[in-house]
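Pasted below: final_36.csv, CSV, C-alpha atoms and all ligand atoms.
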```csv
chain,number,residue,atom,x,y,z
K,26,MET,CA,-25.6,-43.3,56.9
K,27,TYR,CA,-27.8,-42.2,54.0
K,28,VAL,CA,-25.5,-41.3,51.0
K,29,ASN,CA,-25.6,-40.3,47.3
K,30,THR,CA,-25.2,-43.3,45.0
K,31,LYS,CA,-22.4,-41.5,43.1
K,32,GLU,CA,-20.3,-41.5,46.3
K,33,ILE,CA,-20.5,-45.3,46.5
K,34,LEU,CA,-20.0,-45.9,42.8
K,35,GLU,CA,-17.0,-43.6,42.4
K,36,ASP,CA,-15.1,-45.5,45.0
K,37,ALA,CA,-16.1,-48.8,43.4
K,38,SER,CA,-15.0,-47.6,39.9
K,39,LYS,CA,-11.7,-46.4,41.2
K,40,LYS,CA,-10.9,-49.7,42.9
K,41,TYR,CA,-12.6,-52.0,40.4
K,42,TYR,CA,-15.0,-53.7,42.7
K,43,ALA,CA,-18.8,-53.7,42.4
K,44,VAL,CA,-21.8,-52.9,44.6
K,45,PRO,CA,-25.1,-54.8,44.3
K,46,ALA,CA,-28.3,-52.8,43.8
K,47,PHE,CA,-31.1,-54.9,45.3
K,48,ASN,CA,-34.7,-54.2,44.4
K,49,ILE,CA,-37.4,-54.0,47.1
K,50,ASN,CA,-41.2,-53.8,47.1
K,51,ASN,CA,-41.8,-54.1,50.9
K,52,LEU,CA,-40.3,-53.8,54.3
K,53,GLU,CA,-39.3,-57.5,54.6
K,54,PHE,CA,-36.8,-57.4,51.7
K,55,LEU,CA,-35.4,-54.1,53.0
K,56,MET,CA,-34.7,-55.5,56.4
K,57,ALA,CA,-33.1,-58.7,55.1
K,58,ILE,CA,-30.8,-56.7,52.7
K,59,LEU,CA,-29.7,-54.2,55.4
K,60,GLN,CA,-29.0,-57.0,57.9
K,61,GLY,CA,-26.8,-58.7,55.3
K,62,ALA,CA,-25.0,-55.5,54.4
K,63,VAL,CA,-24.4,-54.6,58.1
K,64,GLU,CA,-22.9,-58.1,58.8
K,65,LYS,CA,-20.7,-57.8,55.7
K,66,LYS,CA,-19.7,-54.2,56.6
K,67,ALA,CA,-20.6,-53.2,53.0
K,68,PRO,CA,-22.0,-50.2,51.3
K,69,ILE,CA,-25.4,-51.0,49.7
K,70,ILE,CA,-27.7,-49.7,47.0
K,71,ILE,CA,-31.4,-50.2,47.6
K,72,GLU,CA,-33.5,-49.7,44.4
K,73,THR,CA,-37.2,-49.5,43.6
K,74,SER,CA,-38.8,-49.8,40.2
K,75,GLU,CA,-41.8,-47.6,39.2
K,76,GLY,CA,-43.9,-50.7,39.8
K,77,ALA,CA,-42.7,-50.9,43.4
K,78,ILE,CA,-43.5,-47.2,43.9
K,79,LYS,CA,-47.0,-47.7,42.3
K,80,TYR,CA,-47.5,-50.7,44.6
K,81,ALA,CA,-46.4,-49.0,47.9
K,82,GLY,CA,-48.3,-45.8,47.0
K,83,ASN,CA,-51.4,-47.7,45.9
K,84,GLY,CA,-51.1,-45.8,42.5
K,85,ASN,CA,-49.9,-42.5,43.8
K,86,PRO,CA,-46.2,-42.0,42.8
K,87,LEU,CA,-45.4,-39.4,45.5
K,88,ARG,CA,-47.0,-41.4,48.3
K,89,GLY,CA,-45.0,-44.5,47.1
K,90,ALA,CA,-41.7,-42.7,46.7
K,91,ARG,CA,-42.0,-41.0,50.1
K,92,PHE,CA,-42.8,-44.4,51.7
K,93,PHE,CA,-39.6,-45.8,50.5
K,94,ALA,CA,-37.4,-42.7,50.9
K,95,GLU,CA,-38.5,-42.1,54.4
K,96,THR,CA,-38.3,-45.7,55.5
K,97,VAL,CA,-34.8,-46.2,53.9
K,98,LYS,CA,-33.5,-42.9,55.3
K,99,ASN,CA,-34.8,-43.8,58.7
K,100,TYR,CA,-33.0,-47.1,58.7
K,101,ALA,CA,-29.9,-45.8,57.0
K,102,GLU,CA,-29.4,-43.0,59.6
K,103,SER,CA,-29.2,-45.6,62.4
K,104,LEU,CA,-26.6,-47.7,60.6
K,105,ASP,CA,-22.8,-47.1,60.1
K,106,ILE,CA,-22.7,-48.4,56.6
K,107,PRO,CA,-23.3,-46.2,53.5
K,108,VAL,CA,-26.9,-46.8,52.1
K,109,ALA,CA,-28.2,-45.2,48.9
K,110,LEU,CA,-31.8,-45.3,47.4
K,111,HIS,CA,-32.2,-45.4,43.6
K,112,LEU,CA,-35.1,-45.3,41.3
K,113,ASP,CA,-34.6,-48.2,38.9
K,114,HIS,CA,-35.8,-47.9,35.2
K,115,GLY,CA,-37.4,-44.5,35.5
K,116,LYS,CA,-39.4,-44.0,32.3
K,117,ASN,CA,-42.4,-41.9,33.5
K,118,LEU,CA,-41.3,-38.3,34.3
K,119,GLU,CA,-44.0,-38.1,37.0
K,120,TYR,CA,-42.2,-41.0,38.9
K,121,ILE,CA,-38.8,-39.5,38.3
K,122,ALA,CA,-40.0,-36.2,39.7
K,123,ALA,CA,-41.6,-37.9,42.7
K,124,ALA,CA,-38.4,-39.8,43.5
K,125,ILE,CA,-36.3,-36.6,43.3
K,126,LYS,CA,-38.9,-34.7,45.5
K,127,ALA,CA,-39.0,-37.6,48.0
K,128,GLY,CA,-35.2,-37.5,48.4
K,129,TYR,CA,-33.9,-40.5,46.5
K,130,SER,CA,-30.1,-40.6,46.2
K,131,SER,CA,-30.3,-41.2,42.4
K,132,VAL,CA,-32.7,-41.9,39.6
K,133,MET,CA,-32.4,-43.9,36.4
K,134,ILE,CA,-33.8,-42.4,33.3
K,135,ASP,CA,-34.4,-45.3,30.9
K,136,ALA,CA,-35.1,-44.0,27.5
K,137,SER,CA,-33.0,-46.7,25.7
K,138,HIS,CA,-35.9,-47.8,23.6
K,139,GLU,CA,-35.9,-44.3,21.9
K,140,GLU,CA,-33.6,-43.3,19.0
K,141,PHE,CA,-30.1,-42.3,20.2
K,142,GLU,CA,-30.7,-38.5,19.8
K,143,LYS,CA,-34.0,-38.7,21.7
K,144,ASN,CA,-32.5,-40.8,24.5
K,145,LEU,CA,-29.7,-38.2,24.7
K,146,GLU,CA,-32.1,-35.3,24.8
K,147,ILE,CA,-34.3,-36.8,27.5
K,148,THR,CA,-31.4,-37.8,29.6
K,149,LYS,CA,-29.8,-34.3,29.3
K,150,GLU,CA,-33.1,-32.9,30.7
K,151,VAL,CA,-33.3,-35.3,33.6
K,152,VAL,CA,-29.6,-34.7,34.5
K,153,LYS,CA,-30.1,-31.0,34.7
K,154,TRP,CA,-33.2,-31.4,36.9
K,155,ALA,CA,-31.7,-34.1,39.1
K,156,HIS,CA,-28.3,-32.4,39.6
K,157,ALA,CA,-30.1,-29.2,40.7
K,158,ALA,CA,-31.5,-31.3,43.5
K,159,GLY,CA,-28.2,-33.0,44.3
K,160,VAL,CA,-29.5,-36.3,42.9
K,161,SER,CA,-27.2,-38.5,40.6
K,162,VAL,CA,-28.4,-40.0,37.4
K,163,GLU,CA,-28.1,-43.4,35.6
K,164,ALA,CA,-29.0,-43.8,31.9
K,165,GLU,CA,-29.1,-46.8,29.5
K,166,LEU,CA,-27.8,-47.4,26.0
K,167,GLY,CA,-29.0,-50.4,24.0
K,168,GLN,CA,-31.8,-52.7,25.0
K,169,LEU,CA,-32.0,-55.9,27.1
K,170,ALA,CA,-33.8,-58.9,25.4
K,171,GLY,CA,-37.0,-60.1,26.9
K,172,ILE,CA,-39.4,-57.5,28.2
K,173,GLU,CA,-37.7,-54.2,27.7
K,174,ASP,CA,-39.6,-51.2,28.8
K,175,ASN,CA,-42.9,-53.1,28.7
K,176,VAL,CA,-42.3,-53.8,25.0
K,177,VAL,CA,-40.8,-57.1,23.9
K,178,ALA,CA,-37.4,-56.2,22.5
K,179,LYS,CA,-37.1,-58.7,19.7
K,180,GLU,CA,-33.4,-59.3,20.3
K,181,ASN,CA,-30.6,-57.7,22.2
K,182,VAL,CA,-29.7,-54.3,20.8
K,183,LEU,CA,-26.2,-54.0,22.2
K,184,VAL,CA,-24.5,-50.7,23.2
K,185,ASP,CA,-22.3,-48.9,20.6
K,186,PRO,CA,-19.2,-47.9,22.5
K,187,GLN,CA,-18.5,-44.9,20.3
K,188,GLN,CA,-22.1,-43.7,20.9
K,189,ALA,CA,-21.5,-44.3,24.6
K,190,LYS,CA,-18.6,-41.9,24.6
K,191,ILE,CA,-20.6,-39.1,22.9
K,192,PHE,CA,-23.6,-39.8,25.1
K,193,VAL,CA,-21.7,-39.5,28.4
K,194,GLU,CA,-19.9,-36.3,27.3
K,195,GLU,CA,-23.1,-34.6,26.1
K,196,THR,CA,-25.4,-35.6,28.9
K,197,ASN,CA,-23.0,-35.5,31.9
K,198,VAL,CA,-24.8,-38.5,33.3
K,199,ASP,CA,-23.2,-40.0,36.4
K,200,PHE,CA,-23.4,-43.7,35.6
K,201,LEU,CA,-24.3,-45.7,32.5
K,202,ALA,CA,-26.0,-49.1,31.9
K,203,PRO,CA,-24.6,-50.5,28.6
K,204,ALA,CA,-26.6,-53.4,27.2
K,205,ILE,CA,-24.1,-56.2,26.6
K,206,GLY,CA,-26.4,-59.3,26.3
K,207,THR,CA,-28.2,-59.8,29.6
K,208,SER,CA,-32.0,-59.7,30.1
K,209,HIS,CA,-34.3,-59.3,33.1
K,210,GLY,CA,-36.1,-62.1,34.9
K,211,ALA,CA,-35.5,-65.8,35.6
K,212,PHE,CA,-35.3,-67.1,32.0
K,213,LYS,CA,-32.3,-65.5,30.5
K,214,PHE,CA,-30.5,-66.5,27.3
K,215,LYS,CA,-31.8,-68.8,24.7
K,216,GLY,CA,-29.2,-71.5,25.0
K,217,GLU,CA,-25.7,-70.6,26.3
K,218,ALA,CA,-25.1,-67.3,28.2
K,219,LYS,CA,-23.1,-65.0,26.1
K,220,LEU,CA,-22.1,-61.5,27.2
K,221,ASP,CA,-20.1,-59.2,24.9
K,222,PHE,CA,-17.1,-58.6,27.1
K,223,GLU,CA,-15.1,-56.8,24.4
K,224,ARG,CA,-17.8,-54.3,24.0
K,225,LEU,CA,-18.0,-53.7,27.7
K,226,LYS,CA,-14.2,-53.1,27.8
K,227,ARG,CA,-14.5,-50.5,25.1
K,228,VAL,CA,-17.3,-48.7,26.8
K,229,LYS,CA,-15.3,-48.4,30.0
K,230,GLU,CA,-12.2,-47.2,28.2
K,231,LEU,CA,-14.2,-44.6,26.3
K,232,THR,CA,-16.5,-43.3,29.1
K,233,LYS,CA,-14.4,-43.9,32.3
K,234,ILE,CA,-17.5,-43.6,34.5
K,235,PRO,CA,-19.1,-46.2,36.8
K,236,LEU,CA,-21.1,-48.8,34.8
K,237,VAL,CA,-24.2,-50.8,35.6
K,238,LEU,CA,-25.0,-54.4,34.8
K,239,HIS,CA,-28.8,-55.0,34.4
K,240,GLY,CA,-30.3,-58.4,34.4
K,241,ALA,CA,-27.5,-59.7,36.6
K,242,SER,CA,-29.3,-62.3,38.7
K,243,SER,CA,-27.6,-65.7,38.7
K,244,VAL,CA,-30.8,-67.7,39.6
K,245,PRO,CA,-29.2,-70.0,42.2
K,246,THR,CA,-30.3,-73.6,41.6
K,247,LYS,CA,-30.4,-74.3,45.3
K,248,PHE,CA,-33.4,-71.9,45.8
K,249,VAL,CA,-35.1,-72.8,42.5
K,250,GLU,CA,-35.1,-76.4,43.6
K,251,LEU,CA,-36.2,-75.6,47.1
K,252,ALA,CA,-39.1,-73.5,45.8
K,253,GLU,CA,-40.1,-76.3,43.4
K,254,LYS,CA,-39.9,-78.8,46.2
K,255,TYR,CA,-42.7,-76.8,47.9
K,256,GLY,CA,-44.9,-76.4,44.9
K,257,ALA,CA,-43.4,-73.6,42.7
K,258,ASN,CA,-43.1,-74.1,39.0
K,259,LEU,CA,-40.0,-72.3,37.7
K,260,GLY,CA,-39.1,-74.7,34.9
K,261,GLY,CA,-36.2,-73.6,32.7
K,262,ALA,CA,-35.0,-70.8,35.1
K,263,LYS,CA,-31.5,-69.7,34.1
K,264,GLY,CA,-29.4,-66.7,35.2
K,265,VAL,CA,-26.0,-65.2,34.5
K,266,PRO,CA,-23.1,-67.5,35.4
K,267,GLN,CA,-21.2,-66.1,38.4
K,268,GLU,CA,-17.9,-66.3,36.5
K,269,ASP,CA,-19.4,-64.0,33.8
K,270,ILE,CA,-20.4,-61.4,36.5
K,271,LYS,CA,-16.8,-61.6,37.9
K,272,LYS,CA,-15.4,-60.9,34.4
K,273,CYS,CA,-17.8,-57.9,34.0
K,274,VAL,CA,-16.5,-56.4,37.3
K,275,GLU,CA,-12.9,-56.9,36.2
K,276,LEU,CA,-13.9,-55.0,33.0
K,277,GLY,CA,-15.5,-52.0,34.9
K,278,ILE,CA,-19.0,-52.9,36.0
K,279,ASN,CA,-19.6,-51.2,39.4
K,280,LYS,CA,-23.3,-51.5,40.1
K,281,VAL,CA,-24.9,-55.0,39.7
K,282,ASN,CA,-28.7,-54.9,39.6
K,283,THR,CA,-30.2,-57.9,41.3
K,284,ASP,CA,-33.9,-58.6,41.8
K,285,THR,CA,-34.9,-62.1,40.6
K,286,ASP,CA,-32.4,-63.9,42.9
K,287,LEU,CA,-34.0,-62.3,46.0
K,288,ARG,CA,-37.6,-63.0,44.7
K,289,ILE,CA,-36.7,-66.7,44.3
K,290,ALA,CA,-35.0,-67.0,47.7
K,291,PHE,CA,-37.9,-65.3,49.5
K,292,LEU,CA,-40.4,-67.5,47.6
K,293,ALA,CA,-38.5,-70.7,48.6
K,294,GLY,CA,-38.4,-69.7,52.3
K,295,LEU,CA,-42.1,-68.7,52.3
K,296,ARG,CA,-43.3,-71.8,50.6
K,297,LYS,CA,-41.1,-74.0,52.9
K,298,HIS,CA,-42.2,-72.3,56.1
K,299,LEU,CA,-45.9,-72.3,55.3
K,300,SER,CA,-45.9,-76.0,54.4
K,301,GLU,CA,-44.0,-76.9,57.5
K,302,ASN,CA,-46.0,-74.7,59.9
K,303,GLU,CA,-49.6,-75.1,59.1
K,304,LYS,CA,-50.7,-73.6,62.4
K,305,GLU,CA,-48.6,-70.3,61.9
K,306,PHE,CA,-50.6,-67.2,61.1
K,307,ASP,CA,-48.3,-64.4,62.4
K,308,PRO,CA,-46.6,-62.7,59.4
K,309,ARG,CA,-43.7,-61.6,61.6
K,310,LYS,CA,-43.0,-65.4,61.9
K,311,TYR,CA,-44.0,-66.9,58.5
K,312,PHE,CA,-42.0,-64.3,56.5
K,313,LYS,CA,-38.8,-64.9,58.6
K,314,GLU,CA,-37.4,-67.9,56.7
K,315,GLY,CA,-37.8,-66.2,53.4
K,316,MET,CA,-36.0,-63.1,54.8
K,317,GLU,CA,-33.2,-65.4,56.0
K,318,PHE,CA,-32.8,-66.8,52.5
K,319,VAL,CA,-32.8,-63.3,51.0
K,320,LYS,CA,-30.1,-62.3,53.6
K,321,GLU,CA,-28.1,-65.3,52.6
K,322,VAL,CA,-28.2,-64.4,48.9
K,323,VAL,CA,-27.3,-60.8,49.8
K,324,MET,CA,-24.3,-61.8,51.9
K,325,GLU,CA,-23.0,-64.2,49.2
K,326,ARG,CA,-23.2,-61.5,46.5
K,327,LEU,CA,-21.5,-58.9,48.7
K,328,GLU,CA,-18.6,-61.3,49.2
K,329,PHE,CA,-18.5,-62.3,45.6
K,330,LEU,CA,-18.4,-58.7,44.3
K,331,ASN,CA,-15.8,-57.7,46.9
K,332,THR,CA,-18.2,-55.2,48.4
K,333,ALA,CA,-17.7,-56.8,51.8
K,334,GLY,CA,-15.5,-54.7,54.1
K,335,LYS,CA,-15.7,-51.6,51.9
K,336,ALA,CA,-18.0,-49.6,54.2
T,401,LIG,O1,-31.7,-55.3,36.0
T,401,LIG,C1,-32.4,-55.6,37.0
T,401,LIG,C2,-32.3,-57.0,37.7
T,401,LIG,O2,-32.6,-58.0,36.8
T,401,LIG,P1,-32.7,-59.5,37.3
T,401,LIG,O3,-32.6,-59.6,38.8
T,401,LIG,O4,-34.1,-60.0,36.8
T,401,LIG,O5,-31.6,-60.2,36.6
T,401,LIG,N1,-33.4,-54.7,37.4
T,401,LIG,O6,-33.3,-53.4,36.9
T,401,LIG,C3,-34.4,-55.0,38.3
T,401,LIG,C4,-35.8,-54.9,37.5
T,401,LIG,C5,-36.9,-54.9,38.5
T,401,LIG,C6,-38.2,-55.0,37.7
T,401,LIG,O7,-39.2,-54.6,38.6
T,401,LIG,P2,-40.7,-54.6,38.3
T,401,LIG,O8,-41.1,-56.0,38.1
T,401,LIG,O9,-41.3,-54.0,39.5
T,401,LIG,O10,-40.9,-53.8,37.0
T,402,CA,CA,-34.2,-49.8,28.6
T,403,NA,NA,-31.0,-49.0,37.7
T,404,ZN,ZN,-32.8,-53.5,34.8
```
Would you encode the structure as C-alpha cells?
Amino acid sequence: MYVNTKEILEDASKKYYAVPAFNINNLEFLMAILQGAVEKKAPIIIETSEGAIKYAGNGNPLRGARFFAETVKNYAESLDIPVALHLDHGKNLEYIAAAIKAGYSSVMIDASHEEFEKNLEITKEVVKWAHAAGVSVEAELGQLAGIEDNVVAKENVLVDPQQAKIFVEETNVDFLAPAIGTSHGAFKFKGEAKLDFERLKRVKELTKIPLVLHGASSVPTKFVELAEKYGANLGGAKGVPQEDIKKCVELGINKVNTDTDLRIAFLAGLRKHLSENEKEFDPRKYFKEGMEFVKEVVMERLEFLNTAGKA
C-alpha cells in the first residue's frame, strides 16, 4: 500500500531500526527494489532526485514527478507492504511544488548550503506548504563533503546539535538529515572513514525525531570488482563501512539513503550480461541480470538494517 513516509519512519524511530531509501531513475530499478522489499516483507522508501525527475520528464518537472508518482502508486497499491515515494534533495521550489502536486509522500527541502537562519526560513515555508497537502518534510543541517548542492563543499560542515534542536522546534520538520561526515558518490572519505557518532547521539537526544543518513552507500567490493572485470573503471571506490552504518542506526538514524550501491550493482550485471550474450538485443532480457544484482543489494540492506519483517 502507498503510505506517507512519516508513518514508516515514526515506527522505525520508536523501535530503533532503519529503512533504506533507494533512488530510482527508471522502471527497472523500481521493479528490482520492490521485488526485494516484498520478499523481505519490509516497508520501503523509493526516492527520486530532481535530476531523476528532470530525466523522466524530459525537462518538465510536473511531467517527471507525475511519471514517478503514478508508477509507484500503481505498483504500491497492488502490494501488501508499505511503500512511500520521496523527493530527495529538493532545492528548486518548482520541483518541490511538482512533487507535492503529483502526490509524493514526502519532500526534502535541502537548503543546508544557506546560512542557518535562511535554511530555517525556507524550511518553515516548505513545511507549511507540504503539511497543508498532507506531505511530510525532510530538511538538512550541515553539508556533505564532495559535491554538495552542485557546489563543491570544501570540507564537511558538520551539524551543530544545539542548532538542530532550535531548527526542529521552529520549523516543525518531520525528519532531519544531520551531516556527520559522510559524502555522496563512490569515492567517500580521504583516507579512513570517520563519522562523528557523538554528534549524532546529541542530535537524536535533542531533537527526538527520525533522522536521515545521506551518503550511506557501502560500495560493495564484490560488484565493483565484477564491473571492473567487464570493463568498468571505478578505481579507488570506497563507501561507508557496514559497521559504521549499524552504529548510526543504534544512535537513531532511521532513513538510510542509498543510491551508489544500486548503480554499481546494476552496472556490473549489465556489463556482464552484454559481454556474455553478444546476440541479445531484447532490453527485457539484457537488463535482467543488473536488476537481479540490484535486488540482491536491496535484500541484503533490508536484512542488515532490520527492516526485514517490519511490513
Ligand atoms: O545520500 C544519498 C545517497 O548517497 P550514496 O548512495 O552516493 O552514498 N542520496 O541523497 C542520493 C543522491 C542521489 C543523487 O542523484 P543525482 O545524481 O540524480 O543528483
Ligand atoms: Ca545539502
Ligand atoms: Na532525502
Ligand atoms: Zn543525499
Skipping near chain neighbours, those fewer than 5 positions away, what residues fall within 10 Å of Thr148 (chain K) using all atoms listed in the file, listed as a list in words?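 Here the qualifying residues turn out to be Met133, Ile134, Asp135, Ala136, Ser137, Glu142, Lys143, Lys153, Trp154, Val162, Glu163, Ala164, Glu165, Phe192, Val193, Glu195, Thr196, Asn197 and Val198 of chain K.
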Contacts of Leu220 (chain K) within 7 Å, only C-alpha atoms, excl. fewer than 5 positions in-chain, as number ranges by chain: K: 205-207
The selected residues should be written to file as a PDB file, in the coordinates of the input (atoms: C-alpha atoms).
```pdb
ATOM      1  CA  ILE K 205     -24.100 -56.200  26.600  1.00  0.00           C
ATOM      2  CA  GLY K 206     -26.400 -59.300  26.300  1.00  0.00           C
ATOM      3  CA  THR K 207     -28.200 -59.800  29.600  1.00  0.00           C
TER       4      THR K 207
END
```
Select the residues contacting ligand ZN 404 (chain T) at a distance of at most 7 Å, based on only C-alpha atoms and all ligand atoms, then format the selection as a PyMOL selection string. chain K and resi 113-114+209+239-240+282
Non-local contacts of Ala46 (chain K) (9 Å; all atoms listed in the file; under 6 positions in same chain excluded) as an MDAnalysis selection string: chainID K and resid 69:72 111 280:284
Selection as a PyMOL selection string: residues within 12 Å of (-27.1, -42.7, 55.2), counting all atoms listed in the file: chain K and resi 26-30+32-33+59+68-71+94-110+128-130+336
Writer output for current selection, C-alpha atoms, as a compact mmCIF listing (two decimals), in the frame of the given file:
```txt
# COMPACT_ATOMS: atom_id res chain seq x y z
CA MET K 26 -25.60 -43.30 56.90
CA TYR K 27 -27.80 -42.20 54.00
CA VAL K 28 -25.50 -41.30 51.00
CA ASN K 29 -25.60 -40.30 47.30
CA THR K 30 -25.20 -43.30 45.00
CA GLU K 32 -20.30 -41.50 46.30
CA ILE K 33 -20.50 -45.30 46.50
CA LEU K 59 -29.70 -54.20 55.40
CA PRO K 68 -22.00 -50.20 51.30
CA ILE K 69 -25.40 -51.00 49.70
CA ILE K 70 -27.70 -49.70 47.00
CA ILE K 71 -31.40 -50.20 47.60
CA ALA K 94 -37.40 -42.70 50.90
CA GLU K 95 -38.50 -42.10 54.40
CA THR K 96 -38.30 -45.70 55.50
CA VAL K 97 -34.80 -46.20 53.90
CA LYS K 98 -33.50 -42.90 55.30
CA ASN K 99 -34.80 -43.80 58.70
CA TYR K 100 -33.00 -47.10 58.70
CA ALA K 101 -29.90 -45.80 57.00
CA GLU K 102 -29.40 -43.00 59.60
CA SER K 103 -29.20 -45.60 62.40
CA LEU K 104 -26.60 -47.70 60.60
CA ASP K 105 -22.80 -47.10 60.10
CA ILE K 106 -22.70 -48.40 56.60
CA PRO K 107 -23.30 -46.20 53.50
CA VAL K 108 -26.90 -46.80 52.10
CA ALA K 109 -28.20 -45.20 48.90
CA LEU K 110 -31.80 -45.30 47.40
CA GLY K 128 -35.20 -37.50 48.40
CA TYR K 129 -33.90 -40.50 46.50
CA SER K 130 -30.10 -40.60 46.20
CA ALA K 336 -18.00 -49.60 54.20
```
Once you count all atoms listed in the file, which residues end up within 9 Å of ligand LIG 401 (chain T), and could you hand them over as a PyMOL selection string? chain K and resi 46-50+72-80+113-114+169+174-175+207-213+237-244+264-265+281-288
Closest of K:Glu301, K:Glu146, K:Asp221, K:Glu139 to Lys272 (chain K) - atom-to-atom distances counting only C-alpha atoms: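 Residue with the minimum atom-to-atom distance to Lys272 (chain K): K:Asp221.
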Name all residues at most 9 Å from Gly294 (chain K) (count only C-alpha atoms; drop same-chain ones fewer than 5 positions away) and give them as a list in words.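 Using only C-alpha atoms, the neighbours found are Phe248, Leu251, Ala252, Ile289, Leu299, Tyr311, Phe312, Lys313, Glu314, Gly315, Met316, Glu317, Phe318 and Val319 of chain K.
The two atoms in question, CA of Tyr120 (chain K) and CA of Ala90 (chain K), are spaced 8.0 Å apart.
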For CA of Leu236 (chain K) and CA of Ala202 (chain K), determine how far apart the two atoms are, in Å to one decimal place.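 Interatomic distance, CA of Leu236 (chain K) to CA of Ala202 (chain K): 5.7 Å.
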The residues within 10 Å of (-17.3, -56.9, 27.3), using only C-alpha atoms and the coordinates of the file, should be reported as a PyMOL selection string; which are they? chain K and resi 203-206+220-229+269+272-273+275-278
I need the residue nearest ligand CA 402 (chain T) from this list: K:Asn258, K:Asn331, K:Asn85, K:Gln168. Use all atoms listed in the file for the distance.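 Distance minimum relative to ligand CA 402 (chain T) lands on K:Gln168.
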Pick from K:Lys116, K:His298, K:Arg88, K:Lys190, whichever lies nearest to ligand NA 403 (chain T) using all atoms listed in the file: K:Lys116
Please provide as a list in words all residues within 7 Å of Arg296 (chain K), with the sequence filter that same-chain residues fewer than 4 positions apart are discarded (counting all atoms listed in the file). Ala252, Tyr255, Leu292 and Ser300 of chain K
Which distance in Å separates CA of Ala170 (chain K) and CA of His138 (chain K), to one decimal?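 Computed distance, CA of Ala170 (chain K) to CA of His138 (chain K), equals 11.4 Å.
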So, with only C-alpha atoms as the atoms that count, which of K:Leu166, K:Leu201, K:Lys320, K:Ala189 lies closest to Leu34 (chain K)? K:Leu201
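Of the listed residues K:Glu35, K:Asp199, K:Glu217, K:Glu321, the one whose atoms come nearest to ligand NA 403 (chain T) is K:Asp199, with distances taken using only C-alpha atoms and all ligand atoms.
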Given all atoms listed in the file as the basis, pick out the residue of K:Lys39, K:Asn83, K:Phe306, K:Val132 nearest to ligand NA 403 (chain T). K:Val132
